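S.K.: run.cif is reproduced below (mmCIF, C-alpha atoms (C1' of nucleotides)).
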```cif
data_my_file
#
loop_
_atom_site.label_atom_id
_atom_site.label_comp_id
_atom_site.auth_asym_id
_atom_site.auth_seq_id
_atom_site.Cartn_x
_atom_site.Cartn_y
_atom_site.Cartn_z
CA MET A 1 23.42 -13.17 -27.27
CA ALA A 2 25.69 -15.19 -25.07
CA ARG A 3 25.02 -17.79 -22.41
CA ALA A 4 21.26 -18.01 -22.35
CA ALA A 5 21.31 -17.94 -18.58
CA LEU A 6 20.15 -14.91 -16.65
CA SER A 7 18.13 -11.87 -17.62
CA ALA A 8 16.73 -8.94 -15.73
CA ASP A 9 13.48 -10.81 -15.34
CA ALA A 10 15.20 -13.93 -14.09
CA VAL A 11 17.11 -11.88 -11.54
CA VAL A 12 13.85 -10.42 -10.30
CA ASP A 13 12.46 -13.95 -10.10
CA VAL A 14 15.30 -15.00 -7.86
CA ALA A 15 14.95 -11.85 -5.76
CA LEU A 16 11.26 -12.50 -5.34
CA ARG A 17 11.85 -16.03 -4.13
CA LEU A 18 14.55 -14.81 -1.81
CA VAL A 19 12.28 -12.19 -0.29
CA ASP A 20 9.46 -14.70 0.10
CA GLU A 21 11.65 -17.13 1.95
CA GLU A 22 13.93 -14.89 3.98
CA GLY A 23 12.24 -11.54 4.23
CA SER A 24 12.91 -8.23 2.62
CA THR A 25 15.97 -7.46 4.71
CA ALA A 26 17.69 -10.48 3.17
CA LEU A 27 17.53 -8.85 -0.23
CA THR A 28 21.18 -8.22 -1.07
CA LEU A 29 22.97 -8.58 -4.34
CA ALA A 30 25.25 -11.14 -2.74
CA ALA A 31 22.31 -13.30 -1.72
CA VAL A 32 20.61 -13.01 -5.09
CA ALA A 33 23.83 -13.86 -6.90
CA SER A 34 24.42 -16.86 -4.71
CA ARG A 35 20.94 -18.19 -5.40
CA ALA A 36 21.37 -17.55 -9.07
CA GLY A 37 24.61 -19.52 -9.00
CA VAL A 38 26.62 -16.57 -10.17
CA ALA A 39 29.22 -14.17 -8.80
CA THR A 40 27.88 -10.92 -7.40
CA PRO A 41 29.29 -8.56 -10.04
CA SER A 42 27.67 -10.60 -12.78
CA LEU A 43 24.31 -9.25 -11.74
CA TYR A 44 25.37 -5.84 -12.97
CA LYS A 45 25.08 -7.17 -16.48
CA HIS A 46 21.33 -7.38 -16.00
CA VAL A 47 20.51 -4.73 -13.46
CA ARG A 48 22.00 -1.29 -13.00
CA ASN A 49 22.40 -1.61 -9.24
CA LEU A 50 20.59 -2.66 -6.10
CA ALA A 51 18.23 0.29 -6.24
CA GLU A 52 17.07 -0.71 -9.69
CA LEU A 53 16.58 -4.29 -8.62
CA ARG A 54 14.40 -3.07 -5.77
CA ALA A 55 12.41 -0.95 -8.16
CA LEU A 56 11.92 -3.82 -10.59
CA LEU A 57 10.86 -6.07 -7.77
CA SER A 58 8.39 -3.47 -6.56
CA VAL A 59 6.89 -3.22 -10.01
CA ARG A 60 6.57 -6.98 -10.18
CA ILE A 61 4.81 -7.06 -6.84
CA LEU A 62 2.55 -4.11 -7.51
CA ASP A 63 1.52 -5.65 -10.81
CA GLU A 64 0.67 -8.90 -9.11
CA LEU A 65 -1.38 -7.04 -6.53
CA ASN A 66 -3.02 -5.18 -9.39
CA ASP A 67 -3.98 -8.40 -11.09
CA GLU A 68 -5.52 -9.92 -8.02
CA ILE A 69 -7.47 -6.81 -7.25
CA SER A 70 -8.76 -6.26 -10.72
CA GLY A 71 -9.85 -9.87 -10.86
CA ALA A 72 -11.75 -9.48 -7.62
CA VAL A 73 -13.41 -6.25 -8.66
CA GLN A 74 -14.56 -7.62 -12.02
CA GLY A 75 -18.32 -7.80 -12.22
CA ARG A 76 -18.94 -5.98 -8.99
CA SER A 77 -19.80 -2.37 -8.49
CA ALA A 78 -20.18 0.28 -5.86
CA ASP A 79 -20.06 -0.92 -2.26
CA ASP A 80 -19.50 -4.44 -3.40
CA ALA A 81 -16.55 -3.47 -5.51
CA ILE A 82 -14.98 -1.42 -2.75
CA ARG A 83 -15.37 -4.26 -0.31
CA ALA A 84 -13.82 -6.69 -2.74
CA LEU A 85 -10.98 -4.34 -3.48
CA LEU A 86 -10.04 -3.72 0.12
CA THR A 87 -10.49 -7.32 1.15
CA THR A 88 -8.38 -8.57 -1.69
CA TRP A 89 -5.68 -6.06 -0.91
CA ARG A 90 -5.46 -7.23 2.65
CA ASN A 91 -5.57 -10.88 1.66
CA TYR A 92 -2.67 -10.33 -0.66
CA VAL A 93 -0.67 -8.63 2.04
CA LEU A 94 -1.35 -11.39 4.52
CA THR A 95 -0.58 -14.10 2.01
CA HIS A 96 2.73 -12.52 0.98
CA PRO A 97 3.78 -10.33 3.88
CA HIS A 98 7.42 -10.28 2.85
CA ARG A 99 6.55 -9.19 -0.63
CA TYR A 100 4.52 -6.30 0.59
CA SER A 101 7.20 -5.07 2.92
CA ALA A 102 9.72 -5.31 0.11
CA LEU A 103 7.83 -2.62 -1.75
CA ASP A 104 10.10 0.26 -2.49
CA GLN A 105 9.44 3.56 -0.89
CA SER A 106 11.84 5.57 -3.00
CA PRO A 107 10.09 7.20 -5.93
CA GLN A 108 11.33 5.54 -9.10
CA PRO A 109 9.28 6.41 -12.17
CA GLN A 110 8.63 2.75 -13.06
CA VAL A 111 7.21 2.14 -9.63
CA GLU A 112 5.03 5.19 -9.87
CA GLN A 113 3.56 3.86 -13.09
CA ALA A 114 2.60 0.62 -11.41
CA GLY A 115 1.05 2.73 -8.68
CA GLU A 116 -0.96 4.62 -11.25
CA ARG A 117 -2.31 1.39 -12.66
CA LEU A 118 -3.55 0.62 -9.19
CA VAL A 119 -5.21 3.99 -8.99
CA ASN A 120 -6.97 3.32 -12.26
CA ILE A 121 -8.47 0.15 -10.92
CA MET A 122 -9.72 2.08 -7.95
CA LEU A 123 -11.21 4.73 -10.16
CA ALA A 124 -13.02 2.02 -12.10
CA ALA A 125 -14.38 0.56 -8.89
CA LEU A 126 -15.58 4.00 -7.87
CA ARG A 127 -17.35 4.71 -11.13
CA ALA A 128 -20.74 3.62 -9.80
CA TYR A 129 -20.76 6.41 -7.26
CA ASP A 130 -21.16 9.13 -9.87
CA LEU A 131 -18.37 11.21 -8.45
CA GLU A 132 -16.95 14.18 -10.23
CA ASP A 133 -13.51 13.57 -11.64
CA SER A 134 -11.62 15.27 -8.88
CA ALA A 135 -13.82 13.74 -6.21
CA ALA A 136 -13.06 10.33 -7.62
CA ILE A 137 -9.35 11.01 -7.38
CA HIS A 138 -9.70 12.04 -3.78
CA ALA A 139 -11.65 8.89 -3.09
CA ALA A 140 -9.07 6.72 -4.80
CA ARG A 141 -6.33 8.26 -2.73
CA CYS A 142 -8.29 7.54 0.40
CA LEU A 143 -8.75 3.95 -0.62
CA ARG A 144 -5.08 3.60 -1.19
CA ALA A 145 -4.11 5.30 2.04
CA VAL A 146 -6.51 3.21 4.02
CA ALA A 147 -5.45 -0.11 2.54
CA HIS A 148 -1.79 0.72 2.69
CA GLY A 149 -1.89 2.10 6.20
CA PHE A 150 -3.63 -0.92 7.58
CA ALA A 151 -1.32 -3.24 5.68
CA VAL A 152 1.83 -1.60 6.95
CA LEU A 153 0.68 -1.53 10.53
CA GLU A 154 -0.57 -5.07 10.43
CA ILE A 155 2.60 -6.42 8.88
CA ASP A 156 5.31 -4.91 10.94
CA GLN A 157 3.61 -3.77 14.06
CA GLY A 158 1.45 -6.77 14.62
CA PHE A 159 -0.97 -4.71 16.71
CA GLN A 160 -2.00 -7.01 19.50
CA LEU A 161 -5.16 -9.13 19.80
CA PRO A 162 -4.83 -10.65 16.36
CA GLU A 163 -8.22 -12.32 16.44
CA LYS A 164 -10.00 -9.02 16.12
CA LEU A 165 -8.18 -7.57 13.18
CA ASN A 166 -10.86 -8.70 10.78
CA GLU A 167 -13.37 -6.62 12.66
CA SER A 168 -11.12 -3.58 12.64
CA TYR A 169 -10.78 -3.91 8.92
CA ASP A 170 -14.51 -4.29 8.50
CA LEU A 171 -14.99 -1.09 10.39
CA MET A 172 -12.56 0.65 8.11
CA ILE A 173 -14.36 -0.64 5.05
CA HIS A 174 -17.56 0.61 6.58
CA MET A 175 -16.04 4.05 7.09
CA VAL A 176 -14.97 4.24 3.49
CA ILE A 177 -18.31 3.16 2.12
CA THR A 178 -20.49 5.35 4.26
CA GLY A 179 -18.10 8.22 3.68
CA LEU A 180 -18.53 7.79 -0.04
CA ARG A 181 -22.31 7.68 0.23
CA THR A 182 -22.67 10.64 2.54
CA PRO A 183 -22.55 14.08 0.90
CA ALA A 184 -19.04 15.46 0.65
CA PRO A 185 -18.18 17.90 3.41
CA LYS A 186 -17.27 21.51 2.92
CA THR A 187 -13.51 21.75 3.06
CA VAL A 188 -12.51 22.63 6.58
CA GLY A 189 -9.66 24.96 7.34
CA PRO A 190 -6.71 23.84 9.40
CA VAL A 191 -7.45 23.11 13.02
CA GLU A 192 -5.91 25.33 15.70
CA MET B 1 31.77 8.97 36.01
CA ALA B 2 34.34 10.02 33.48
CA ARG B 3 34.31 12.71 30.82
CA ALA B 4 30.86 14.22 31.16
CA ALA B 5 30.44 14.25 27.40
CA LEU B 6 27.94 12.04 25.60
CA SER B 7 24.95 10.06 26.80
CA ALA B 8 22.34 7.95 25.11
CA ASP B 9 20.04 10.94 24.99
CA ALA B 10 22.69 13.15 23.49
CA VAL B 11 23.38 10.58 20.82
CA VAL B 12 19.71 10.52 19.95
CA ASP B 13 19.78 14.32 19.80
CA VAL B 14 22.56 14.20 17.26
CA ALA B 15 20.80 11.48 15.29
CA LEU B 16 17.63 13.53 15.21
CA ARG B 17 19.42 16.57 13.87
CA LEU B 18 21.18 14.43 11.32
CA VAL B 19 17.91 12.94 10.11
CA ASP B 20 16.27 16.34 9.94
CA GLU B 21 19.03 17.76 7.82
CA GLU B 22 20.04 14.86 5.64
CA GLY B 23 17.15 12.44 5.62
CA SER B 24 16.65 9.09 7.24
CA THR B 25 18.93 7.23 4.87
CA ALA B 26 21.84 9.31 6.15
CA LEU B 27 21.42 7.82 9.58
CA THR B 28 24.60 5.79 10.06
CA LEU B 29 26.72 5.37 13.13
CA ALA B 30 29.64 6.86 11.26
CA ALA B 31 27.68 10.02 10.49
CA VAL B 32 26.37 10.35 14.02
CA ALA B 33 29.83 9.85 15.48
CA SER B 34 31.30 12.40 13.17
CA ARG B 35 28.71 14.98 14.18
CA ALA B 36 29.24 14.16 17.81
CA GLY B 37 32.96 14.70 17.35
CA VAL B 38 33.79 11.19 18.38
CA ALA B 39 35.08 7.98 16.82
CA THR B 40 32.44 5.55 15.64
CA PRO B 41 33.09 2.77 18.16
CA SER B 42 32.68 5.23 21.02
CA LEU B 43 28.96 5.32 20.35
CA TYR B 44 28.73 1.75 21.54
CA LYS B 45 29.37 3.02 25.05
CA HIS B 46 25.96 4.69 24.93
CA VAL B 47 23.92 2.63 22.56
CA ARG B 48 23.90 -1.10 22.01
CA ASN B 49 23.98 -0.89 18.23
CA LEU B 50 22.40 0.83 15.26
CA ALA B 51 19.11 -0.98 15.72
CA GLU B 52 18.80 0.33 19.24
CA LEU B 53 19.64 3.84 18.15
CA ARG B 54 16.90 3.61 15.56
CA ALA B 55 14.49 2.40 18.19
CA LEU B 56 15.40 5.19 20.60
CA LEU B 57 15.01 7.71 17.84
CA SER B 58 11.61 6.30 16.94
CA VAL B 59 10.50 6.59 20.54
CA ARG B 60 11.68 10.17 20.65
CA ILE B 61 9.76 10.99 17.50
CA LEU B 62 6.62 9.13 18.47
CA ASP B 63 6.59 10.89 21.82
CA GLU B 64 6.90 14.23 20.14
CA LEU B 65 4.03 13.37 17.83
CA ASN B 66 2.11 12.23 20.87
CA ASP B 67 2.65 15.54 22.59
CA GLU B 68 1.50 17.59 19.66
CA ILE B 69 -1.56 15.49 19.16
CA SER B 70 -2.62 15.41 22.76
CA GLY B 71 -2.20 19.17 22.94
CA ALA B 72 -4.41 19.59 19.90
CA VAL B 73 -7.07 17.24 21.17
CA GLN B 74 -7.25 18.87 24.61
CA GLY B 75 -10.61 20.46 25.19
CA ARG B 76 -12.20 19.08 22.07
CA SER B 77 -14.44 16.11 21.76
CA ALA B 78 -16.10 13.87 19.23
CA ASP B 79 -15.88 15.00 15.63
CA ASP B 80 -13.89 18.01 16.62
CA ALA B 81 -11.34 15.94 18.44
CA ILE B 82 -10.99 13.50 15.57
CA ARG B 83 -10.51 16.29 13.12
CA ALA B 84 -7.89 17.90 15.34
CA LEU B 85 -6.11 14.61 15.83
CA LEU B 86 -5.87 13.76 12.17
CA THR B 87 -5.01 17.28 11.12
CA THR B 88 -2.28 17.57 13.70
CA TRP B 89 -0.86 14.23 12.69
CA ARG B 90 -0.58 15.29 9.10
CA ASN B 91 0.84 18.67 10.02
CA TYR B 92 3.52 17.00 12.05
CA VAL B 93 4.42 14.72 9.20
CA LEU B 94 4.61 17.57 6.73
CA THR B 95 6.62 19.72 9.09
CA HIS B 96 9.16 16.98 9.80
CA PRO B 97 8.98 14.60 6.86
CA HIS B 98 12.38 13.12 7.52
CA ARG B 99 11.53 12.39 11.09
CA TYR B 100 8.43 10.54 10.16
CA SER B 101 10.16 8.42 7.59
CA ALA B 102 12.86 7.60 10.12
CA LEU B 103 10.28 5.81 12.22
CA ASP B 104 11.33 2.26 12.77
CA GLN B 105 9.30 -0.51 11.33
CA SER B 106 10.94 -3.32 13.26
CA PRO B 107 9.02 -4.21 16.37
CA GLN B 108 11.09 -3.20 19.39
CA PRO B 109 9.20 -3.26 22.67
CA GLN B 110 10.10 0.33 23.54
CA VAL B 111 8.69 1.51 20.24
CA GLU B 112 5.55 -0.47 20.76
CA GLN B 113 5.03 1.28 24.08
CA ALA B 114 5.23 4.66 22.43
CA GLY B 115 2.71 3.38 19.92
CA GLU B 116 0.41 2.36 22.73
CA ARG B 117 0.55 5.84 24.19
CA LEU B 118 -0.64 7.09 20.83
CA VAL B 119 -3.48 4.60 20.89
CA ASN B 120 -4.50 5.84 24.31
CA ILE B 121 -4.81 9.38 23.06
CA MET B 122 -6.98 8.13 20.27
CA LEU B 123 -9.16 6.22 22.68
CA ALA B 124 -9.58 9.37 24.73
CA ALA B 125 -10.58 11.31 21.66
CA LEU B 126 -13.10 8.62 20.84
CA ARG B 127 -14.69 8.57 24.26
CA ALA B 128 -17.48 10.91 23.28
CA TYR B 129 -18.86 8.41 20.81
CA ASP B 130 -19.98 6.00 23.50
CA LEU B 131 -18.39 3.04 21.86
CA GLU B 132 -18.04 -0.29 23.55
CA ASP B 133 -14.51 -1.09 24.58
CA SER B 134 -13.73 -3.32 21.67
CA ALA B 135 -15.43 -1.00 19.22
CA ALA B 136 -13.25 1.81 20.47
CA ILE B 137 -10.16 -0.25 19.87
CA HIS B 138 -11.24 -0.98 16.34
CA ALA B 139 -11.89 2.69 15.79
CA ALA B 140 -8.49 3.67 17.18
CA ARG B 141 -6.80 1.22 14.87
CA CYS B 142 -8.64 2.72 11.94
CA LEU B 143 -7.57 6.19 12.92
CA ARG B 144 -4.01 5.08 13.11
CA ALA B 145 -4.12 3.20 9.84
CA VAL B 146 -5.72 6.10 8.07
CA ALA B 147 -3.31 8.72 9.38
CA HIS B 148 -0.28 6.54 8.85
CA GLY B 149 -1.27 5.38 5.41
CA PHE B 150 -1.83 8.87 4.14
CA ALA B 151 1.37 10.08 5.76
CA VAL B 152 3.49 7.38 4.21
CA LEU B 153 2.04 7.83 0.76
CA GLU B 154 2.27 11.59 0.92
CA ILE B 155 5.85 11.57 2.10
CA ASP B 156 7.54 9.16 -0.19
CA GLN B 157 5.22 8.82 -3.09
CA GLY B 158 4.33 12.42 -3.48
CA PHE B 159 1.11 11.52 -5.32
CA GLN B 160 0.75 14.11 -7.99
CA LEU B 161 -1.32 17.30 -8.00
CA PRO B 162 -0.10 18.48 -4.61
CA GLU B 163 -2.57 21.34 -4.39
CA LYS B 164 -5.45 18.99 -3.83
CA LEU B 165 -4.03 16.87 -1.08
CA ASN B 166 -5.80 18.90 1.55
CA GLU B 167 -9.10 17.99 -0.03
CA SER B 168 -8.21 14.31 -0.17
CA TYR B 169 -7.38 14.41 3.48
CA ASP B 170 -10.61 16.20 4.29
CA LEU B 171 -12.48 13.46 2.51
CA MET B 172 -10.69 10.87 4.57
CA ILE B 173 -11.53 12.69 7.78
CA HIS B 174 -15.11 12.80 6.61
CA MET B 175 -15.09 9.07 6.02
CA VAL B 176 -13.82 8.39 9.49
CA ILE B 177 -16.32 10.65 11.17
CA THR B 178 -19.39 9.52 9.31
CA GLY B 179 -18.26 5.93 9.71
CA LEU B 180 -18.10 6.43 13.44
CA ARG B 181 -21.55 7.99 13.55
CA THR B 182 -23.26 5.44 11.35
CA PRO B 183 -24.28 2.19 13.02
CA ALA B 184 -21.58 -0.44 12.90
CA PRO B 185 -22.02 -2.98 10.12
CA LYS B 186 -22.51 -6.67 10.57
CA THR B 187 -19.17 -8.35 10.07
CA VAL B 188 -18.93 -9.51 6.51
CA GLY B 189 -17.26 -12.72 5.54
CA PRO B 190 -14.27 -12.77 3.22
CA VAL B 191 -14.99 -11.82 -0.33
CA GLU B 192 -14.58 -14.49 -3.00
"C1'" DA C 1 47.35 8.16 47.06
"C1'" DG C 2 45.14 4.25 44.89
"C1'" DG C 3 42.04 2.00 42.33
"C1'" DC C 4 37.78 1.06 39.99
"C1'" DT C 5 34.68 2.54 36.54
"C1'" DT C 6 33.59 5.00 32.53
"C1'" DG C 7 34.16 6.78 28.15
"C1'" DG C 8 37.07 7.30 24.59
"C1'" DC C 9 40.55 5.49 21.06
"C1'" DT C 10 42.92 2.51 17.48
"C1'" DA C 11 43.07 -1.70 15.03
"C1'" DA C 12 40.91 -5.53 12.99
"C1'" DT C 13 37.09 -8.17 10.83
"C1'" DG C 14 33.48 -9.16 7.89
"C1'" DA C 15 29.45 -8.00 5.02
"C1'" DC C 16 28.14 -5.30 1.24
"C1'" DA C 17 27.89 -2.54 -3.17
"C1'" DT C 18 30.25 -1.08 -6.81
"C1'" DT C 19 33.93 -0.54 -10.50
"C1'" DA C 20 37.63 -2.08 -13.59
"C1'" DG C 21 39.43 -5.05 -16.57
"C1'" DC C 22 40.00 -9.76 -18.36
"C1'" DT C 23 38.04 -14.06 -20.55
"C1'" DT C 24 34.83 -16.95 -22.64
"C1'" DT C 25 30.85 -18.02 -25.07
"C1'" DT C 26 27.88 -17.58 -28.87
"C1'" DG C 27 25.22 -16.06 -32.52
"C1'" DA C 28 25.32 -13.61 -37.10
"C1'" DG C 29 27.02 -13.11 -41.26
"C1'" DC C 30 30.14 -14.65 -44.53
"C1'" DG D 1 32.81 -24.08 -41.01
"C1'" DC D 2 35.23 -19.38 -39.73
"C1'" DT D 3 35.55 -14.90 -37.82
"C1'" DC D 4 34.47 -11.63 -34.76
"C1'" DA D 5 32.06 -8.48 -31.91
"C1'" DA D 6 28.91 -8.24 -28.35
"C1'" DA D 7 27.10 -10.37 -24.26
"C1'" DA D 8 27.73 -12.48 -19.94
"C1'" DG D 9 30.62 -14.21 -16.83
"C1'" DC D 10 34.72 -13.96 -13.56
"C1'" DT D 11 38.48 -12.22 -10.30
"C1'" DA D 12 40.52 -8.47 -8.01
"C1'" DA D 13 40.24 -4.12 -5.84
"C1'" DT D 14 38.05 -0.22 -3.36
"C1'" DG D 15 35.30 2.08 -0.12
"C1'" DT D 16 31.71 2.31 3.29
"C1'" DC D 17 29.58 0.40 7.13
"C1'" DA D 18 28.72 -2.07 11.63
"C1'" DT D 19 30.68 -4.41 15.06
"C1'" DT D 20 34.21 -6.43 18.37
"C1'" DA D 21 38.52 -6.57 21.00
"C1'" DG D 22 41.67 -4.62 23.64
"C1'" DC D 23 44.15 -0.53 25.27
"C1'" DC D 24 44.43 4.14 27.80
"C1'" DA D 25 43.12 8.19 30.30
"C1'" DA D 26 40.36 10.59 33.33
"C1'" DG D 27 37.58 11.33 37.04
"C1'" DC D 28 35.35 9.93 41.42
"C1'" DC D 29 35.33 7.59 46.05
"C1'" DT D 30 37.66 6.19 49.79
#
```
Would you encode the structure as structure tokens?

M.R.:
Amino acid sequence: MARAALSADAVVDVALRLVDEEGSTALTLAAVASRAGVATPSLYKHVRNLAELRALLSVRILDELNDEISGAVQGRSADDAIRALLTTWRNYVLTHPHRYSALDQSPQPQVEQAGERLVNIMLAALRAYDLEDSAAIHAARCLRAVAHGFAVLEIDQGFQLPEKLNESYDLMIHMVITGLRTPAPKTVGPVE
Amino acid sequence: MARAALSADAVVDVALRLVDEEGSTALTLAAVASRAGVATPSLYKHVRNLAELRALLSVRILDELNDEISGAVQGRSADDAIRALLTTWRNYVLTHPHRYSALDQSPQPQVEQAGERLVNIMLAALRAYDLEDSAAIHAARCLRAVAHGFAVLEIDQGFQLPEKLNESYDLMIHMVITGLRTPAPKTVGPVE
DNA sequence: AGGCTTGGCTAATGACATTAGCTTTTGAGC
DNA sequence: GCTCAAAAGCTAATGTCATTAGCCAAGCCT
């Protein structure tokens, strides 16, 4: 190997710091290269292109979120676990808002894998509810949708009245928990 | 007035068609100009810049979503209204996936107004539950978070097992409704 | 007719991503 | 220690955008 300088991981490190400090829109190869003390095209030796860098960064972030959540869920179960999961998710988002909004929307396989890991944690947290397999998957999706939806809106919409957002989130947690405890509904046909 | 050709509205029309046909990433001033049969800089006579075009487009889309939802909620109340609202939201997203993903995240005031109109519809749908004012606001936020979160994940993640997404969504609707009917929880402190 | 306003155009600039092709470093094996 | 091939860097070039400046034509009002 030559010049023990950069590596794909190191590039992602730099990108992560950049996003933290200047927001996800500042994520350009030029900016990353500059921070890394390297010319822009040199990055291509470590990363296929900008899209791949975004994907790698998303994986890094999702894994970090994963870690925090699984730590928080450890040793808890049922309602307690769900509460911990959702609260930790939101805390992560609020602590690193730029990271969360840097998450890649485009469906790269690597990113999907990190997403699956997240789903597995949710399934583990749901185990205490004695759901059938498919019911557990539905529940996990709901958890994800709920946490993600609130996160996105809170980050880049701001809502208004910021002092009450905790209460809104508590209500949402309450909806999830009571919904899980109440017998599943018959599937309803489309409205209209 | 000269040359009765374009207008801000017409530009948004073109942009909307472009997004529908080629996806939200294809939304560039160059592409819009080309479709409008005009040179790129000419667009600046109608629109301040790309950011404003995005904002105008978002308003257009949010208003359309608003219309569909308020139509669906008309004449229904309580659980029925909530179900109609959420179902219509998802139907809109699935019918026009590109439009929904073209929605602007950056907080322009005009876009926020359109968002408020949406919140008002939700508050109307919630009226039957006899919530206090602030409780209704929390509930509306939850509705929005839930619908948006599921929409975003469904659009650009795809989940897997597409045949069961209806059931997942039904579960989420169930969570919302039972959560609204069950007494509000005491606010819980942060976990950990 | 004359002139202002409006909407359109061409040209120029600057930020990016990306590719091509050259050079240097360095580690592995001799 | 020497050689050399791969790795990692660089400069130069291209193409796509957004955006600005400055020019021109067309229509409307008087």

S.K.: Residue by residue, what does the PyMOL selection byres ((chain D) within 12 of (chain B)) grab here? Present the result as an MDAnalysis selection string.

M.R.: chainID D and resid 16:21 25:29

S.K.: Between C:DT5, C:DT13, C:DT18, C:DT26, which has the minimum distance to chain B (counting all atoms listed in the file)?

M.R.: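 Smallest separation from chain B among the options: C:DT5.
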
S.K.: Enumerate, as a ChimeraX atom specification, the residues matched when the PyMOL selection byres ((chain B) within 7 of (chain A)) is run on the file above.

M.R.: /B:84,87,105-107,138,141-142,145-146,148-150,153,156-157,167-168,170,172,174-176,178-179,185,187,190-191

S.K.: Could the residues of chain C that have an atom at most 12 Å from chain B be listed as JSON lines, each with its closest atom pair and the distance in Å to one decimal, counting only C-alpha atoms (C1' of nucleotides) and ordered by chain and ascending residue number?

M.R.:
```
{"residue": "C:DC4", "atom": "C1'", "partner": "B:Met1", "partner_atom": "CA", "distance": 10.7}
{"residue": "C:DT5", "atom": "C1'", "partner": "B:Met1", "partner_atom": "CA", "distance": 7.1}
{"residue": "C:DT6", "atom": "C1'", "partner": "B:Ala2", "partner_atom": "CA", "distance": 5.2}
{"residue": "C:DG7", "atom": "C1'", "partner": "B:Ala2", "partner_atom": "CA", "distance": 6.2}
{"residue": "C:DG8", "atom": "C1'", "partner": "B:Ser42", "partner_atom": "CA", "distance": 6.0}
{"residue": "C:DC9", "atom": "C1'", "partner": "B:Ala39", "partner_atom": "CA", "distance": 7.4}
{"residue": "C:DT10", "atom": "C1'", "partner": "B:Ala39", "partner_atom": "CA", "distance": 9.6}
{"residue": "C:DA11", "atom": "C1'", "partner": "B:Pro41", "partner_atom": "CA", "distance": 11.4}
```

S.K.: Leaving out Ile121 of chain A and any residue of its chain fewer than 3 positions from it, which residues lie within 8 Å of it when counting only C-alpha atoms (C1' of nucleotides), given as a list in words?

M.R.: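 Those residues are Asn66, Ile69, Ser70, Arg117, Leu118, Ala124 and Ala125 of chain A.
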
S.K.: With the file shown as input, list the residues that the PyMOL selection byres ((chain D and resi 14) around 9) selects, as a list in words.

M.R.: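 So the PyMOL selection byres ((chain D and resi 14) around 9), applied here, picks out DT18 and DT19 of chain C; DA13 and DG15 of chain D.
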
S.K.: Between atom CA of Leu16 of chain A and atom C1' of DA7 of chain D, what distance in Å does the model show, to one decimal?

M.R.: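 One can read the atom CA of Leu16 of chain A to atom C1' of DA7 of chain D distance as 24.8 Å.
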
S.K.: Just the number, please: distance in Å from atom CA of Ala8 of chain A to atom CA of Arg54 of chain A, one decimal.

M.R.: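 Separation of atom CA of Ala8 of chain A and atom CA of Arg54 of chain A: 11.8 Å.
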
S.K.: One decimal, Å: what's the distance from atom CA of Ile61 of chain A over to atom CA of Trp89 of chain A, could you say?

M.R.: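 Between these atoms lies a distance of 12.1 Å.
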
S.K.: Considering only C-alpha atoms (C1' of nucleotides), state which residue in the set C:DT23, C:DG3, C:DC16, C:DA28 is at the smallest distance from Leu27 of chain A.

M.R.: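 The shortest atom-to-atom distance to Leu27 of chain A comes from C:DC16.
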
S.K.: Could you check which of A:Glu21, A:Pro97, A:Ala36, A:Ala31 is closest to DA15 of chain C, using all atoms listed in the file?

M.R.: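 Using all atoms listed in the file, DA15 of chain C sits closest to A:Ala31.
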